[in-house]
Protein chains: 2
Amino acid sequence: MEEKKSVSKATAVIPKRLLQVLAKERSDQTPIWLMRQAGRYLPEYRKVRAEAGSFLTLCYTPELAEEVTLQPIRRFGFDASILFSDILVVPDALGQTVGFKEGEGPVLDPITDLAGIAKLDLARVTDHLQPVYETVRRLKLSLPKETTLIGFAGAPWTVATYVVGGRGSPDQGAAKSWAYRAPDEFQKLIDLLVEATILHLSEQVEAGAEVLQIFDTWAGSLPEPAFRRFAIEPAKRIVSALKTRYPLVPIIGFPRGAGPLVTDYVRETGIQAVSLDTGMSLNWARDNVQPMVPLQGNLDPLLLVAGGKEMRAGVAYIMETLGNQPFIFNLGHGIVPQTPPDHVGELVELVRGFKA
Amino acid sequence: MEEKKSVSKATAVIPKRLLQVLAKERSDQTPIWLMRQAGRYLPEYRKVRAEAGSFLTLCYTPELAEEVTLQPIRRFGFDASILFSDILVVPDALGQTVGFKEGEGPVLDPITDLAGIAKLDLARVTDHLQPVYETVRRLKLSLPKETTLIGFAGAPWTVATYVVGGRGSPDQGAAKSWAYRAPDEFQKLIDLLVEATILHLSEQVEAGAEVLQIFDTWAGSLPEPAFRRFAIEPAKRIVSALKTRYPLVPIIGFPRGAGPLVTDYVRETGIQAVSLDTGMSLNWARDNVQPMVPLQGNLDPLLLVAGGKEMRAGVAYIMETLGNQPFIFNLGHGIVPQTPPDHVGELVELVRGFKA
């Protein structure tokens, strides 16, 4: 009896909850991970970040990138680990000048014409990003067996807003201006980013990524026709290329702010799951999107900062509305630096306390 | 015959297209006006703005505010004229220190606790805002007979993001933090703003406003439960109070970024029309919202900047999708300073070229 028990323990199958949910199978618990879970809210991250010097050095030094990716897994035992990297490594790899200023975010040398696009070089991408793939290979070995490894890239539209604008902007004015003034020129940039993204995601899968997420942070500001052309179409091409090579690797889409266009995005791109932003109606998503694909989301990162009663109510609302169908708990946007780590620990316990 | 014709001309009823559409009646043309149509894209505005010195002086000097309100009507013959003012005149009237810095936007002395709320004085509001109501009275006399006069206010949640944060912010973090940390405290601020908004809108109607619009610019970042509490509930109370006093004055809501929650917003607040943001799916809105109330929107302000073929395609898409049911043409957000006035002229012609 004793012996049998210990044998059964040794051969027990360790569930990968994230993959179970993405396969629309039942899981014993709702899986949880957080966008930007490796980040400034953790003192151990700030330490490594300071040692690295620049943000891109951190992204491109496999032992450091591996370390910060693992930090939140050690602390909180999330069900998934997302590679520590940035959506702007792709324009950097294409040859654009990309920097990160402390407290200011990314600063790029803006590309605003065909001559600028012509200088970008697709052939550089996978060579330049070898350190990122090395990080993925390391993580594949160092992560706990139950932790799913997620690779990612920015969607072409969102990356283009930085490529063209040179920095974040409230209205994505620079990219939109080009897209509206000369859509066929702008399309060339999107096409190049589609190709670069396919290469970058493919290499992440080759290195060991088990799931991919495509972040289209600025999709929601596009009018419907432009959303179809610059958000849905590029994602569709990326998903289609990835599916041809890696039909079993699930892809999660995150068309932030897409509102009711989420259903079109899911249907037309062929993604396996969709991440919902903070403002999305969960009742609507449960009725209209969850029957199509598993959902992920969408606690307000500022509820995680606040903690306490309101956070617990927010978690309960999400779990009660979405938790009975395929669902991955996450935030509606990235975790913010002022988040107390203790609140993250409490969140994980809360979500695990709900039985699916 | 000649005589009869001239008599008929003299007694011809001049249609107010905006009011026709809001009454769900047929209009000979789709009415058009633009959010922030009196503004920096017009050289004649910049001239008056410079003369006024400060932005609030412009808002509080009836002859100047009247003049800038009339400027776009003279140029473009819009179907509606929106009072030139600002959503932050309400906190200013309540006694908060409000300023506007060139190129930086509003700067307020932040209110972040109950003691700060206690210093705000509802009794000051309508006295302090007499110059605004005087502007409305002047406009009532000076506007062309076919032009509908719109009064407005910011919604309590959106005004609160400035009251608490002291300025615009990408995530409304300060207001959310308070709302999540101590929702009952924050509710007191919302309640005060509800009362102040009712007073302010009522006075605008008394002075001659024929339609009201409530701007909830930051509604879209609220999670569903907070959206119900801080966006829908306050708007419902404001609409209900206004309807009791002025049952025939239509109210347009603008819960920007609300996505599929727009239907709940319309149903529960009791507004007569809803303004759609740039990113809203028009097919979805036509099928799900237009059967409830007339729609307004939603050309991307940056398509108006670009002009040309893409702007014409954008206008055609909107008119073909929404123009056959009660519809008011507008932008999806305020007009931006870099807009060429010629493009606005072309837009008005384009919209008038479509027959409803």
# chains A, B, ... in the order shown; residues from 1 in each chain; ligands from 1

call {"tool": "closest_atom_pairs", "arguments": {"of": "chain A", "to": "chain B", "cutoff": "10 Å", "atoms": "only C-alpha atoms", "output": "CSV"}}
result
residue,atom,partner,partner_atom,distance
A:Ser169,CA,B:Pro170,CA,9.7
A:Pro170,CA,B:Pro170,CA,7.4
A:Asp171,CA,B:Leu302,CA,8.9
A:Gln172,CA,B:Leu302,CA,9.4
A:Gly173,CA,B:Leu302,CA,6.9
A:Ala174,CA,B:Leu302,CA,9.4
A:Lys176,CA,B:Leu302,CA,6.8
A:Ser177,CA,B:Ala306,CA,6.2
A:Trp178,CA,B:Ala306,CA,8.4
A:Ala179,CA,B:Glu310,CA,9.0
A:Tyr180,CA,B:Glu310,CA,5.8
A:Arg181,CA,B:Ala306,CA,5.4
A:Ala182,CA,B:Glu310,CA,8.6
A:Pro183,CA,B:Glu310,CA,8.2
A:Ala219,CA,B:Gly279,CA,8.4
A:Gly220,CA,B:Gly279,CA,5.5
A:Ser221,CA,B:Gly279,CA,5.0
A:Leu222,CA,B:Gly279,CA,5.2
A:Pro223,CA,B:Gly279,CA,4.6
A:Glu224,CA,B:Ser281,CA,5.5
A:Pro225,CA,B:Gly314,CA,7.9
A:Ala226,CA,B:Gly314,CA,9.3
A:Phe227,CA,B:Gly279,CA,8.1
A:Gly257,CA,B:Gly257,CA,7.3
A:Ala258,CA,B:Gly279,CA,7.1
A:Gly259,CA,B:Gly259,CA,4.3
A:Pro260,CA,B:Pro260,CA,5.6
A:Leu261,CA,B:Ser281,CA,6.1
A:Val262,CA,B:Ser281,CA,9.9
A:Asp277,CA,B:Ser221,CA,8.6
A:Thr278,CA,B:Pro223,CA,5.3
A:Gly279,CA,B:Pro223,CA,4.6
A:Met280,CA,B:Gly259,CA,6.9
A:Ser281,CA,B:Glu224,CA,5.5
A:Leu282,CA,B:Glu224,CA,7.1
A:Asn283,CA,B:Glu224,CA,8.8
A:Trp284,CA,B:Pro260,CA,6.9
A:Ala285,CA,B:Pro260,CA,9.0
A:Asn298,CA,B:Pro223,CA,8.3
A:Leu299,CA,B:Pro223,CA,7.7
A:Asp300,CA,B:Pro223,CA,6.6
A:Pro301,CA,B:Gly173,CA,9.6
A:Leu302,CA,B:Ser177,CA,6.4
A:Leu303,CA,B:Tyr180,CA,6.2
A:Leu304,CA,B:Tyr180,CA,9.4
A:Val305,CA,B:Ser177,CA,7.6
A:Ala306,CA,B:Arg181,CA,5.4
A:Gly307,CA,B:Arg181,CA,7.5
A:Gly308,CA,B:Arg181,CA,7.7
A:Lys309,CA,B:Arg181,CA,8.3
A:Glu310,CA,B:Tyr180,CA,5.8
A:Met311,CA,B:Tyr180,CA,7.6
A:Ala313,CA,B:Pro225,CA,9.4
A:Gly314,CA,B:Pro225,CA,7.9
A:Tyr317,CA,B:Pro225,CA,8.2
A:Ile318,CA,B:Glu224,CA,9.7
A:Gly332,CA,B:Pro223,CA,8.9

call {"tool": "residues_around", "arguments": {"residues": "Phe327 in chain A", "least_positions_apart": "6", "cutoff": "6 Å", "atoms": "only C-alpha atoms", "output": "PyMOL selection string"}}
result
chain A and resi 294-296

call {"tool": "atom_distance", "arguments": {"atom1": "CA of Phe78 in chain B", "atom2": "CA of Leu34 in chain B"}}
result
8.2 Å

call {"tool": "atom_distance", "arguments": {"atom1": "CA of Asp121 in chain B", "atom2": "CA of Gln187 in chain B"}}
result
16.3 Å

call {"tool": "select_by_dssp", "arguments": {"residues": "range 139-355 of chain A", "states": "strand (DSSP E)", "output": "PyMOL selection string"}}
result
chain A and resi 148-154+211-216+251-255+273-275+295-299+327-331

call {"tool": "select_by_dssp", "arguments": {"residues": "range 35-204 of chain A", "states": "helix (DSSP H, G or I)", "output": "ChimeraX atom specification"}}
result
/A:43-52,55-60,62-76,89-94,114-119,122-128,130-142,156-165,173-181,183-204
